[in-house]
$ cat final.tsv   # TSV, N, CA and C atoms
chain	number	residue	atom	x	y	z
A	1	MET	N	206.88	163.71	20.90
A	1	MET	CA	207.02	163.66	19.46
A	1	MET	C	208.48	163.55	19.04
A	2	THR	N	209.36	164.31	19.71
A	2	THR	CA	210.78	164.26	19.40
A	2	THR	C	211.34	162.87	19.67
A	3	LEU	N	210.92	162.26	20.77
A	3	LEU	CA	211.38	160.91	21.10
A	3	LEU	C	210.96	159.92	20.02
A	4	VAL	N	209.76	160.05	19.54
A	4	VAL	CA	209.27	159.15	18.48
A	4	VAL	C	210.11	159.32	17.22
A	5	LEU	N	210.40	160.56	16.83
A	5	LEU	CA	211.24	160.79	15.66
A	5	LEU	C	212.64	160.23	15.85
A	6	TYR	N	213.18	160.39	17.06
A	6	TYR	CA	214.50	159.83	17.35
A	6	TYR	C	214.48	158.32	17.18
A	7	LEU	N	213.47	157.69	17.76
A	7	LEU	CA	213.39	156.23	17.68
A	7	LEU	C	213.22	155.75	16.24
A	8	LEU	N	212.46	156.48	15.46
A	8	LEU	CA	212.22	156.07	14.08
A	8	LEU	C	213.40	156.38	13.16
A	9	LEU	N	214.03	157.50	13.36
A	9	LEU	CA	215.08	157.93	12.43
A	9	LEU	C	216.48	157.81	13.01
A	10	GLY	N	216.66	158.25	14.24
A	10	GLY	CA	218.01	158.37	14.79
A	10	GLY	C	218.60	157.12	15.34
A	11	SER	N	217.80	156.16	15.74
A	11	SER	CA	218.37	154.99	16.39
A	11	SER	C	218.37	153.76	15.49
A	12	THR	N	218.27	153.96	14.20
A	12	THR	CA	218.28	152.82	13.29
A	12	THR	C	219.67	152.22	13.15
A	13	GLY	N	220.63	152.76	13.86
A	13	GLY	CA	221.95	152.18	13.90
A	13	GLY	C	222.94	152.82	12.95
A	14	CYS	N	222.46	153.45	11.90
A	14	CYS	CA	223.36	154.04	10.90
A	14	CYS	C	224.42	153.03	10.50
A	15	TYR	N	223.99	151.84	10.15
A	15	TYR	CA	224.91	150.77	9.81
A	15	TYR	C	225.48	150.97	8.42
A	16	SER	N	226.69	150.48	8.24
A	16	SER	CA	227.34	150.49	6.93
A	16	SER	C	227.45	149.05	6.44
A	17	TYR	N	227.25	148.87	5.16
A	17	TYR	CA	227.24	147.52	4.58
A	17	TYR	C	228.17	147.47	3.38
A	18	ARG	N	228.71	146.27	3.14
A	18	ARG	CA	229.51	146.00	1.95
A	18	ARG	C	229.07	144.66	1.39
A	19	GLN	N	229.17	144.53	0.09
A	19	GLN	CA	228.91	143.25	-0.56
A	19	GLN	C	230.13	142.36	-0.37
A	20	VAL	N	229.91	141.13	0.06
A	20	VAL	CA	231.00	140.19	0.31
A	20	VAL	C	230.67	138.87	-0.37
A	21	GLU	N	231.68	138.27	-0.98
A	21	GLU	CA	231.52	136.92	-1.52
A	21	GLU	C	231.98	135.93	-0.46
A	22	VAL	N	231.14	134.96	-0.18
A	22	VAL	CA	231.49	133.89	0.74
A	22	VAL	C	231.62	132.63	-0.10
A	23	ARG	N	232.79	132.04	-0.10
A	23	ARG	CA	233.02	130.80	-0.86
A	23	ARG	C	232.98	129.65	0.13
A	24	VAL	N	232.12	128.69	-0.14
A	24	VAL	CA	231.95	127.53	0.74
A	24	VAL	C	232.47	126.30	0.00
A	25	ILE	N	233.44	125.63	0.63
A	25	ILE	CA	234.03	124.44	0.01
A	25	ILE	C	233.95	123.26	0.95
A	26	ASP	N	234.02	122.07	0.38
A	26	ASP	CA	234.11	120.84	1.17
A	26	ASP	C	235.54	120.76	1.68
A	27	GLY	N	235.70	120.67	2.99
A	27	GLY	CA	237.02	120.68	3.60
A	27	GLY	C	237.87	119.47	3.26
A	28	SER	N	237.25	118.37	2.83
A	28	SER	CA	238.01	117.17	2.47
A	28	SER	C	238.39	117.15	1.00
A	29	SER	N	237.41	117.36	0.14
A	29	SER	CA	237.67	117.26	-1.30
A	29	SER	C	238.15	118.57	-1.90
A	30	ARG	N	237.96	119.69	-1.19
A	30	ARG	CA	238.30	121.04	-1.65
A	30	ARG	C	237.40	121.49	-2.81
A	31	GLU	N	236.31	120.78	-3.04
A	31	GLU	CA	235.36	121.13	-4.10
A	31	GLU	C	234.34	122.14	-3.58
A	32	PRO	N	233.83	123.02	-4.45
A	32	PRO	CA	232.80	123.97	-4.01
A	32	PRO	C	231.50	123.25	-3.67
A	33	LEU	N	230.79	123.79	-2.68
A	33	LEU	CA	229.50	123.22	-2.28
A	33	LEU	C	228.39	124.15	-2.76
A	34	SER	N	227.47	123.62	-3.53
A	34	SER	CA	226.36	124.44	-4.02
A	34	SER	C	225.11	124.14	-3.21
A	35	GLY	N	224.19	125.10	-3.20
A	35	GLY	CA	222.92	124.92	-2.51
A	35	GLY	C	222.96	125.15	-1.01
A	36	ILE	N	224.04	125.74	-0.51
A	36	ILE	CA	224.18	126.01	0.92
A	36	ILE	C	223.66	127.42	1.19
A	37	GLU	N	222.71	127.56	2.10
A	37	GLU	CA	222.21	128.89	2.46
A	37	GLU	C	223.17	129.52	3.45
A	38	VAL	N	223.55	130.77	3.20
A	38	VAL	CA	224.49	131.51	4.05
A	38	VAL	C	223.78	132.75	4.57
A	39	VAL	N	223.86	132.96	5.91
A	39	VAL	CA	223.17	134.07	6.56
A	39	VAL	C	224.16	134.75	7.51
A	40	PRO	N	224.32	136.08	7.42
A	40	PRO	CA	225.15	136.75	8.42
A	40	PRO	C	224.42	136.79	9.76
A	41	ILE	N	225.16	136.63	10.84
A	41	ILE	CA	224.56	136.71	12.18
A	41	ILE	C	225.29	137.77	12.98
A	42	TYR	N	224.54	138.45	13.80
A	42	TYR	CA	225.08	139.49	14.68
A	42	TYR	C	224.57	139.21	16.08
A	43	ASN	N	225.37	139.51	17.07
A	43	ASN	CA	225.00	139.26	18.46
A	43	ASN	C	224.02	140.33	18.93
A	44	THR	N	222.75	140.18	18.57
A	44	THR	CA	221.73	141.17	18.92
A	44	THR	C	220.90	140.65	20.08
A	45	VAL	N	220.62	141.54	21.02
A	45	VAL	CA	219.77	141.21	22.16
A	45	VAL	C	218.81	142.37	22.37
A	46	LEU	N	217.53	142.08	22.26
A	46	LEU	CA	216.49	143.08	22.51
A	46	LEU	C	216.74	144.40	21.78
A	47	GLU	N	217.05	144.31	20.51
A	47	GLU	CA	217.28	145.52	19.72
A	47	GLU	C	216.08	145.80	18.85
A	48	PHE	N	215.69	147.06	18.79
A	48	PHE	CA	214.59	147.45	17.94
A	48	PHE	C	215.02	147.53	16.47
A	49	PHE	N	216.28	147.89	16.23
A	49	PHE	CA	216.77	148.09	14.88
A	49	PHE	C	218.11	147.37	14.67
A	50	PRO	N	218.10	146.04	14.61
A	50	PRO	CA	219.36	145.33	14.36
A	50	PRO	C	219.76	145.49	12.89
A	51	PRO	N	221.00	145.13	12.54
A	51	PRO	CA	221.42	145.21	11.14
A	51	PRO	C	220.55	144.30	10.26
A	52	ASP	N	220.44	144.67	8.99
A	52	ASP	CA	219.73	143.83	8.03
A	52	ASP	C	220.45	142.50	7.87
A	53	ARG	N	219.67	141.46	7.61
A	53	ARG	CA	220.26	140.14	7.37
A	53	ARG	C	219.86	139.67	5.99
A	54	THR	N	220.78	139.78	5.08
A	54	THR	CA	220.53	139.26	3.74
A	54	THR	C	220.93	137.80	3.73
A	55	THR	N	220.32	137.02	2.89
A	55	THR	CA	220.71	135.62	2.75
A	55	THR	C	220.96	135.35	1.28
A	56	ASP	N	221.74	134.33	1.04
A	56	ASP	CA	221.96	133.87	-0.33
A	56	ASP	C	222.27	132.39	-0.27
A	57	VAL	N	222.15	131.75	-1.41
A	57	VAL	CA	222.45	130.33	-1.54
A	57	VAL	C	223.64	130.19	-2.48
A	58	THR	N	224.58	129.33	-2.11
A	58	THR	CA	225.78	129.18	-2.93
A	58	THR	C	225.42	128.63	-4.31
A	59	ASP	N	226.14	129.15	-5.31
A	59	ASP	CA	225.94	128.71	-6.69
A	59	ASP	C	226.82	127.49	-6.97
A	60	SER	N	226.95	127.11	-8.23
A	60	SER	CA	227.72	125.92	-8.61
A	60	SER	C	229.21	126.08	-8.30
A	61	LYS	N	229.67	127.33	-8.13
A	61	LYS	CA	231.07	127.58	-7.76
A	61	LYS	C	231.26	127.71	-6.26
A	62	GLY	N	230.17	127.49	-5.50
A	62	GLY	CA	230.25	127.60	-4.04
A	62	GLY	C	230.21	129.02	-3.52
A	63	ILE	N	229.79	129.97	-4.35
A	63	ILE	CA	229.81	131.39	-3.99
A	63	ILE	C	228.42	131.88	-3.59
A	64	ALA	N	228.35	132.54	-2.45
A	64	ALA	CA	227.15	133.26	-2.02
A	64	ALA	C	227.55	134.72	-1.89
A	65	ARG	N	226.66	135.62	-2.29
A	65	ARG	CA	226.95	137.06	-2.20
A	65	ARG	C	226.02	137.67	-1.16
A	66	LEU	N	226.62	138.31	-0.15
A	66	LEU	CA	225.86	138.87	0.96
A	66	LEU	C	226.19	140.33	1.15
A	67	ARG	N	225.21	141.06	1.64
A	67	ARG	CA	225.43	142.42	2.12
A	67	ARG	C	225.67	142.30	3.62
A	68	VAL	N	226.88	142.65	4.08
A	68	VAL	CA	227.27	142.43	5.47
A	68	VAL	C	227.54	143.76	6.15
A	69	CYS	N	227.02	143.90	7.37
A	69	CYS	CA	227.26	145.09	8.19
A	69	CYS	C	228.65	144.96	8.80
A	70	TYR	N	229.45	146.01	8.66
A	70	TYR	CA	230.81	145.95	9.21
A	70	TYR	C	231.07	146.98	10.31
A	71	ASN	N	230.05	147.68	10.75
A	71	ASN	CA	230.29	148.62	11.85
A	71	ASN	C	229.31	148.39	13.00
A	72	TYR	N	228.89	147.15	13.17
A	72	TYR	CA	227.99	146.83	14.27
A	72	TYR	C	228.75	146.90	15.58
A	73	LYS	N	228.06	147.21	16.65
A	73	LYS	CA	228.72	147.56	17.92
A	73	LYS	C	229.26	146.39	18.71
A	74	THR	N	228.89	145.15	18.40
A	74	THR	CA	229.38	144.04	19.20
A	74	THR	C	230.77	143.62	18.74
A	75	LYS	N	231.38	142.77	19.54
A	75	LYS	CA	232.74	142.34	19.27
A	75	LYS	C	232.80	141.22	18.23
A	76	TYR	N	231.71	140.44	18.11
A	76	TYR	CA	231.73	139.29	17.21
A	76	TYR	C	230.54	139.31	16.27
A	77	ALA	N	230.77	138.77	15.11
A	77	ALA	CA	229.73	138.54	14.12
A	77	ALA	C	230.01	137.15	13.56
A	78	GLY	N	229.20	136.72	12.64
A	78	GLY	CA	229.47	135.41	12.10
A	78	GLY	C	228.64	135.13	10.87
A	79	LEU	N	228.78	133.90	10.39
A	79	LEU	CA	228.01	133.42	9.26
A	79	LEU	C	227.38	132.09	9.66
A	80	TYR	N	226.11	131.94	9.36
A	80	TYR	CA	225.39	130.71	9.66
A	80	TYR	C	225.16	129.98	8.34
A	81	PHE	N	225.32	128.66	8.36
A	81	PHE	CA	225.17	127.84	7.16
A	81	PHE	C	224.04	126.84	7.36
A	82	ARG	N	223.07	126.88	6.48
A	82	ARG	CA	222.03	125.85	6.47
A	82	ARG	C	222.47	124.81	5.46
A	83	ALA	N	223.04	123.73	5.99
A	83	ALA	CA	223.62	122.71	5.12
A	83	ALA	C	223.39	121.35	5.76
A	84	ASP	N	222.38	120.65	5.30
A	84	ASP	CA	222.10	119.33	5.85
A	84	ASP	C	223.32	118.42	5.68
A	85	GLY	N	223.74	117.83	6.79
A	85	GLY	CA	224.84	116.88	6.74
A	85	GLY	C	226.22	117.48	6.80
A	86	TYR	N	226.34	118.78	7.05
A	86	TYR	CA	227.65	119.43	7.10
A	86	TYR	C	227.81	120.25	8.38
A	87	LEU	N	229.07	120.36	8.82
A	87	LEU	CA	229.45	121.22	9.94
A	87	LEU	C	230.66	122.04	9.52
A	88	VAL	N	230.85	123.18	10.17
A	88	VAL	CA	232.02	124.02	9.90
A	88	VAL	C	233.27	123.29	10.38
A	89	ASP	N	234.34	123.38	9.62
A	89	ASP	CA	235.60	122.72	9.96
A	89	ASP	C	236.31	123.50	11.06
A	90	GLN	N	235.82	123.31	12.29
A	90	GLN	CA	236.41	123.86	13.51
A	90	GLN	C	236.36	122.77	14.55
A	91	ASP	N	237.13	122.93	15.63
A	91	ASP	CA	237.21	121.85	16.61
A	91	ASP	C	235.96	121.66	17.47
A	92	ARG	N	234.96	122.51	17.31
A	92	ARG	CA	233.69	122.32	18.01
A	92	ARG	C	232.60	122.20	16.95
A	93	PRO	N	231.71	121.22	17.08
A	93	PRO	CA	230.69	121.03	16.04
A	93	PRO	C	229.70	122.18	15.98
A	94	ARG	N	229.70	122.90	14.86
A	94	ARG	CA	228.83	124.06	14.71
A	94	ARG	C	228.35	124.17	13.27
A	95	SER	N	227.23	124.86	13.13
A	95	SER	CA	226.75	125.18	11.79
A	95	SER	C	226.97	126.66	11.50
A	96	TYR	N	227.79	127.31	12.32
A	96	TYR	CA	228.08	128.72	12.11
A	96	TYR	C	229.58	128.97	12.29
A	97	PHE	N	230.03	130.03	11.68
A	97	PHE	CA	231.43	130.43	11.66
A	97	PHE	C	231.53	131.78	12.34
A	98	ILE	N	232.32	131.88	13.40
A	98	ILE	CA	232.43	133.12	14.18
A	98	ILE	C	233.64	133.92	13.69
A	99	LEU	N	233.41	135.21	13.54
A	99	LEU	CA	234.48	136.15	13.20
A	99	LEU	C	234.45	137.29	14.19
A	100	SER	N	235.61	137.80	14.57
A	100	SER	CA	235.61	139.05	15.32
A	100	SER	C	235.23	140.15	14.33
A	101	VAL	N	234.74	141.25	14.82
A	101	VAL	CA	234.39	142.35	13.93
A	101	VAL	C	235.63	142.82	13.17
A	102	ASP	N	236.80	142.78	13.81
A	102	ASP	CA	238.04	143.15	13.12
A	102	ASP	C	238.34	142.20	11.97
A	103	GLN	N	238.16	140.88	12.19
A	103	GLN	CA	238.36	139.91	11.11
A	103	GLN	C	237.35	140.14	9.99
A	104	LEU	N	236.13	140.46	10.37
A	104	LEU	CA	235.09	140.72	9.38
A	104	LEU	C	235.47	141.93	8.54
A	105	ARG	N	235.97	142.97	9.18
A	105	ARG	CA	236.38	144.17	8.43
A	105	ARG	C	237.50	143.85	7.44
A	106	LEU	N	238.47	143.03	7.86
A	106	LEU	CA	239.55	142.63	6.95
A	106	LEU	C	239.00	141.84	5.78
A	107	ALA	N	238.09	140.91	6.06
A	107	ALA	CA	237.48	140.12	5.00
A	107	ALA	C	236.70	141.01	4.04
A	108	ILE	N	236.03	142.00	4.58
A	108	ILE	CA	235.24	142.90	3.75
A	108	ILE	C	236.15	143.73	2.87
A	109	ASP	N	237.33	144.11	3.38
A	109	ASP	CA	238.27	144.85	2.54
A	109	ASP	C	238.69	144.02	1.33
A	110	ASP	N	238.79	142.70	1.53
A	110	ASP	CA	239.13	141.79	0.42
A	110	ASP	C	237.88	141.40	-0.38
A	111	PHE	N	236.70	141.68	0.16
A	111	PHE	CA	235.43	141.30	-0.45
A	111	PHE	C	235.28	139.78	-0.58
A	112	HIS	N	235.99	139.03	0.26
A	112	HIS	CA	235.98	137.58	0.09
A	112	HIS	C	236.21	136.87	1.43
A	113	ILE	N	235.42	135.86	1.69
A	113	ILE	CA	235.58	135.01	2.87
A	113	ILE	C	235.48	133.57	2.36
A	114	GLU	N	236.39	132.70	2.80
A	114	GLU	CA	236.30	131.29	2.42
A	114	GLU	C	236.09	130.46	3.68
A	115	VAL	N	235.12	129.56	3.62
A	115	VAL	CA	234.79	128.73	4.77
A	115	VAL	C	234.74	127.27	4.32
A	116	GLU	N	235.34	126.40	5.12
A	116	GLU	CA	235.33	124.97	4.82
A	116	GLU	C	234.27	124.29	5.68
A	117	LEU	N	233.46	123.45	5.03
A	117	LEU	CA	232.50	122.61	5.73
A	117	LEU	C	232.92	121.17	5.54
A	118	LEU	N	232.61	120.34	6.54
A	118	LEU	CA	232.89	118.91	6.46
A	118	LEU	C	231.59	118.14	6.61
A	119	SER	N	231.48	117.03	5.87
A	119	SER	CA	230.33	116.15	6.09
A	119	SER	C	230.44	115.61	7.51
A	120	PHE	N	229.33	115.15	8.06
A	120	PHE	CA	229.36	114.60	9.43
A	120	PHE	C	230.42	113.52	9.54
A	121	GLU	N	230.47	112.63	8.55
A	121	GLU	CA	231.43	111.52	8.59
A	121	GLU	C	232.87	112.05	8.62
A	122	ASP	N	233.19	112.98	7.73
A	122	ASP	CA	234.54	113.54	7.69
A	122	ASP	C	234.85	114.35	8.95
A	123	TYR	N	233.83	115.05	9.46
A	123	TYR	CA	234.03	115.86	10.66
A	123	TYR	C	234.43	114.98	11.84
A	124	TYR	N	233.66	113.91	12.08
A	124	TYR	CA	233.94	113.07	13.25
A	124	TYR	C	235.16	112.18	13.05
A	125	PHE	N	235.61	112.01	11.80
A	125	PHE	CA	236.88	111.34	11.57
A	125	PHE	C	238.02	112.29	11.96
A	126	LYS	N	237.90	113.55	11.58
A	126	LYS	CA	238.95	114.53	11.89
A	126	LYS	C	238.94	114.92	13.36
A	127	TYR	N	237.76	115.05	13.94
A	127	TYR	CA	237.60	115.45	15.35
A	127	TYR	C	236.83	114.35	16.09
A	128	PRO	N	237.49	113.23	16.43
A	128	PRO	CA	236.76	112.13	17.07
A	128	PRO	C	236.20	112.52	18.43
A	129	LEU	N	235.07	111.92	18.75
A	129	LEU	CA	234.47	112.15	20.07
A	129	LEU	C	235.36	111.57	21.15
A	130	PRO	N	235.50	112.25	22.29
A	130	PRO	CA	236.34	111.71	23.39
A	130	PRO	C	235.75	110.42	23.94
A	131	GLY	N	236.62	109.55	24.37
A	131	GLY	CA	236.15	108.37	25.06
A	131	GLY	C	236.39	107.18	24.30

$ encode --input "final.tsv" --output "structure tokens"
Amino acid sequence: MTLVLYLLLGSTGCYSYRQVEVRVIDGSSREPLSGIEVVPIYNTVLEFFPPDRTTDVTDSKGIARLRVCYNYKTKYAGLYFRADGYLVDQDRPRSYFILSVDQLRLAIDDFHIEVELLSFEDYYFKYPLPG
């Protein structure tokens, strides 16, 4: 019985969350992107009680508001973007943005994260395929 109570109450992670604004802009035009779904991701493997994952869609100003866990035990967290035709402006083609937990904590202190996405065309112009 004690083990069951521990599993139900004690091992829920005792996570802490903060509201964060994520601003998503087009990396070429610098204009806000609306209608982009933003989801926090955590490196969870076989966990019974992972952190909550809130989602939001960017508004006309490119802003999504998320509740983000900032005391999760792994070294990295990130943000996933559901955006047809766009990739994160990084040197590897991805639909997600990786942050160390320390970077995430700094961003949470500012309550703001800005991420640039590029259209496929702009992405492959900036980062051409080898060969």

$ atom_distance --input "final.tsv" --atom1 "CA of Pro128 in chain A" --atom2 "atom C of Phe97 in chain A"
20.9 Å

$ select_by_dssp --input "final.tsv" --residues "chain A" --states "strand (DSSP E or B)" --output "count of residues only"
49

$ residues_around --input "final.tsv" --residues "range 76-90 of chain A" --least-positions-apart "4" --cutoff "6 Å" --atoms "all atoms listed in the file" --output "list in words"
Ile36, Glu37, Val38, Val39, Pro40, Ile41, Tyr42, Asn43, Arg94, Ser95, Tyr96, Phe97, Ile98, Leu99, Ser100, Val101, Glu116, Leu117, Leu118, Ser119 and Phe120 of chain A

$ closest_residue --input "final.tsv" --among "A:Phe48, A:Gly35, A:Pro93, A:Glu21" --to "Ala64 in chain A" --atoms "all atoms listed in the file"
A:Glu21

$ atom_distance --input "final.tsv" --atom1 "atom C of Val22 in chain A" --atom2 "atom N of Leu129 in chain A"
28.2 Å
